[in-house]
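Report on one structure; see the data block that follows.
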Amino acid sequence: MYHFIKALLLPPASLIVLAAVGILLAAVGRRRTGLWLAALAIGGLHVLGSPAVATRLLAAVQSADDGSPAAVAEAQAIVILGGDMDHHAPEYGGATVGPLTLERLRLGAVRHRETGLPVLVSGGASRGLPESPLAVAMERTLAQDLATPVAWVEAGSADTAENARMSALMLHPLGVRRILLVTHAWHMPRAAEAFTRAGFTVIPAGTGHAAPAPLHLVALLPTAHGLEQSYFAIHELIGRLYYRWSHADGFVTPSPP
């Protein structure tokens, strides 16, 4: 139910629902109100889908700081967060990491080669799906495709807050407190906050940085990729508000080892 409600609140589903409500109102006699709602929904889809807007939204929520060389040198481990999973990949023998996760793994492998730091991968199983957890697929991809060994596999988390809490339960008893955190730049502020509250000193290592698209006519036309970028930006804004409001976000600072 949680995932259904979340999907319903985010574009494009929220705007499609708004358009449907507008059409229904127009059909039952509330023509003026209904047409305004439908027009608002269509306009919202256009605006959020245009690269000129979408790239600026994503750039506004992302972290620009990837850590200084001096800070990176003090890290004790690399933590790579899972993002998505491809549930039907017969060319790889079944489920495997999705494109977002692969971007993060690629950067994590680069940082491992640069620093020699041990790697933890974090990501649980998708709800209602039987295949192995995302972290297991991440470990396999790093080992087989990116020649990067994995020291720890955290496969029980369901969201960013649990990524942080369960990673802390694995790493803190080993004395690991300073981590190089690998995720997308637009996800980094929320992820860094979660790991900081879980007792880590976080050195950000972001990937997928968004740059505002040049303002020309083509950038004003909606695209599927633009709508996806707006989705990620709005998802992060809602996620940050929820984490700070709920106080039930899984942020637990374990006792020192």
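Chain lettering (A, B, ...) mirrors the order of the structure tokens, residue numbering begins at 1 for each chain separately, and ligand numbering begins at 1 in order of display.
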
Distance query A:Ala109 at most 6 Å, only C-alpha atoms, self and fewer than 3 positions along chain excluded, as a ChimeraX atom specification: /A:106,112,148

Who sits within 9 Å of A:Ile179, only C-alpha atoms, same chain under 6 positions skipped, as a PyMOL selection string: chain A and resi 72+74-79+200-204

For atom CA of A:Tyr92 and atom CA of A:Leu146, determine how far apart the two atoms are, in Å to one decimal place. 14.8 Å

Determine which residues of stretch 19-250 of chain A DSSP labels as strand (DSSP E) from the backbone of this structure, then write them out as a VMD selection string. chain A and resid 77 to 81 85 to 86 96 to 97 119 to 122 152 to 154 178 to 184 201 to 207

Using only C-alpha atoms for the distances, tell me which of A:Val53, A:Val97, A:Ile42, A:Leu37 is nearest to A:Ala211.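 Using only C-alpha atoms, the shortest distance to A:Ala211 belongs to A:Val53.
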
Do you have the atom CA of A:Leu48-atom CA of A:Ala205 distance handy? 27.3 Å

For atom CA of A:His184 and atom CA of A:Val17, determine how far apart the two atoms are, in Å to one decimal place.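 Computed distance, atom CA of A:His184 to atom CA of A:Val17, equals 29.2 Å.
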
Given the choices A:Arg32, A:His187, A:Arg165, A:His46, which gets closest to A:Phe232 if the distance is worked out from only C-alpha atoms?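 Ranking A:Arg32, A:His187, A:Arg165, A:His46 by distance to A:Phe232, first place goes to A:His187.
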
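All residues within stretch 175-238 of chain A that the backbone DSSP calculation assigns to helix (DSSP H, G or I) are A:Met188, A:Pro189, A:Arg190, A:Ala191, A:Ala192, A:Glu193, A:Ala194, A:Phe195, A:Thr196, A:Arg197, A:Leu217, A:Val218, A:Ala219, A:Leu220, A:Ala224, A:His225, A:Gly226, A:Leu227, A:Glu228, A:Gln229, A:Ser230, A:Tyr231, A:Phe232, A:Ala233, A:Ile234, A:His235, A:Glu236, A:Leu237, A:Ile238.
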
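Among the candidates A:Leu220, A:Leu15, A:Leu81, A:Ala38, the residue lying nearest to A:Glu162 is A:Leu81 (atoms considered: only C-alpha atoms).
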
Would you mind listing what lies within 12 Å of A:Asp84 as a PyMOL selection string, with only C-alpha atoms counted and same-chain residues fewer than 5 positions away left out? chain A and resi 95-105+122-126+133-135+137-138+158-159+183-184

If you count only C-alpha atoms, which residues fall within 12 Å of A:Val47, apart from same-chain ones fewer than 5 positions away, as a compact mmCIF listing (two decimals) with N, CA, C and O atoms, in the first residue's frame?
# COMPACT_ATOMS: atom_id res chain seq x y z
N PRO A 11 4.45 12.46 -10.00
CA PRO A 11 4.14 12.47 -11.44
C PRO A 11 4.75 11.24 -12.11
O PRO A 11 5.76 10.72 -11.64
N PRO A 12 4.13 10.76 -13.20
CA PRO A 12 2.96 11.33 -13.88
C PRO A 12 1.61 10.90 -13.30
O PRO A 12 0.58 11.44 -13.70
N LEU A 15 -0.73 13.62 -11.85
CA LEU A 15 -1.29 14.53 -12.85
C LEU A 15 -2.34 13.83 -13.71
O LEU A 15 -3.32 14.45 -14.12
N LEU A 40 -4.79 22.12 -16.11
CA LEU A 40 -3.69 22.20 -15.15
C LEU A 40 -2.84 20.93 -15.18
O LEU A 40 -1.60 20.98 -15.15
N ALA A 41 -3.50 19.78 -15.26
CA ALA A 41 -2.79 18.51 -15.30
C ALA A 41 -1.95 18.39 -16.57
O ALA A 41 -0.78 17.99 -16.53
N ILE A 42 -2.55 18.73 -17.70
CA ILE A 42 -1.81 18.66 -18.97
C ILE A 42 -0.64 19.63 -18.97
O ILE A 42 0.47 19.31 -19.39
N ALA A 52 14.20 21.89 -19.85
CA ALA A 52 14.52 23.20 -19.28
C ALA A 52 14.13 23.28 -17.81
O ALA A 52 14.83 23.89 -16.99
N VAL A 53 13.01 22.66 -17.46
CA VAL A 53 12.54 22.66 -16.07
C VAL A 53 13.10 21.48 -15.30
O VAL A 53 13.60 21.63 -14.17
N ALA A 54 13.05 20.29 -15.90
CA ALA A 54 13.43 19.06 -15.20
C ALA A 54 14.88 19.09 -14.74
O ALA A 54 15.20 18.72 -13.61
N THR A 55 15.79 19.53 -15.61
CA THR A 55 17.20 19.55 -15.22
C THR A 55 17.46 20.55 -14.11
O THR A 55 18.31 20.32 -13.25
N ARG A 56 16.72 21.64 -14.11
CA ARG A 56 16.90 22.64 -13.04
C ARG A 56 16.33 22.15 -11.72
O ARG A 56 16.89 22.43 -10.65
N LEU A 57 15.22 21.42 -11.77
CA LEU A 57 14.69 20.82 -10.54
C LEU A 57 15.69 19.84 -9.95
O LEU A 57 15.95 19.85 -8.74
N ALA A 219 14.43 22.46 -25.67
CA ALA A 219 14.44 22.16 -24.24
C ALA A 219 13.09 22.45 -23.58
O ALA A 219 12.85 22.03 -22.45
N LEU A 220 12.22 23.16 -24.28
CA LEU A 220 10.89 23.43 -23.74
C LEU A 220 9.87 22.36 -24.10
O LEU A 220 8.75 22.38 -23.59
N LEU A 221 10.26 21.43 -24.96
CA LEU A 221 9.37 20.35 -25.35
C LEU A 221 9.50 19.18 -24.37
O LEU A 221 10.61 18.81 -24.00
N PRO A 222 8.40 18.59 -23.93
CA PRO A 222 8.48 17.51 -22.93
C PRO A 222 9.08 16.24 -23.52
O PRO A 222 8.88 15.91 -24.69
N THR A 223 9.84 15.53 -22.69
CA THR A 223 10.43 14.25 -23.05
C THR A 223 10.22 13.27 -21.91
O THR A 223 9.99 13.67 -20.76
N ALA A 224 10.33 11.98 -22.22
CA ALA A 224 10.20 10.96 -21.18
C ALA A 224 11.32 11.11 -20.15
O ALA A 224 11.11 10.95 -18.94
N GLY A 226 12.92 13.85 -19.36
CA GLY A 226 12.66 15.02 -18.54
C GLY A 226 11.66 14.73 -17.44
O GLY A 226 11.84 15.14 -16.28
N LEU A 227 10.62 13.98 -17.76
CA LEU A 227 9.63 13.62 -16.75
C LEU A 227 10.26 12.73 -15.68
O LEU A 227 9.95 12.86 -14.48
N GLN A 229 13.41 12.84 -14.72
CA GLN A 229 14.23 13.70 -13.87
C GLN A 229 13.38 14.47 -12.88
O GLN A 229 13.75 14.60 -11.69
N SER A 230 12.24 14.99 -13.33
CA SER A 230 11.33 15.69 -12.41
C SER A 230 10.81 14.74 -11.35
O SER A 230 10.65 15.12 -10.17

Shortest contact to A:Ala64, candidates A:Val28, A:Leu217, A:Val136, A:Met188, atoms counted only C-alpha atoms, goes to A:Met188

If you count only C-alpha atoms, the residue of A:Ile5, A:Leu215, A:Ala198, A:Val110 closest to A:Leu171 turns out to be A:Ala198

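The smallest atom-to-atom distance between A:His216 and any of A:Ser50, A:Leu45, A:Met170, A:Thr33, using only C-alpha atoms, is found for A:Ser50.
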
Considering only C-alpha atoms, return as a list in words whatever protein or nucleic-acid residues lie within 6 Å of A:Val153, sequence-local ones (same chain, fewer than 2 positions apart) excluded.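 Here the answer would be Leu120, Val121 and Ala155 of chain A.
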
Can you list, as a list in words, every protein, DNA or RNA residue that comes within 12 Å of A:Arg240 when you count only C-alpha atoms, leaving out same-chain residues fewer than 5 positions away? Val61, Thr160, Ala161, Trp186, His187, Met188, Pro189, Arg190, Ala191, Ala192, Glu193, Ala194, Ala233, Ile234, His235, Trp245, Ser246, His247 and Asp249 of chain A
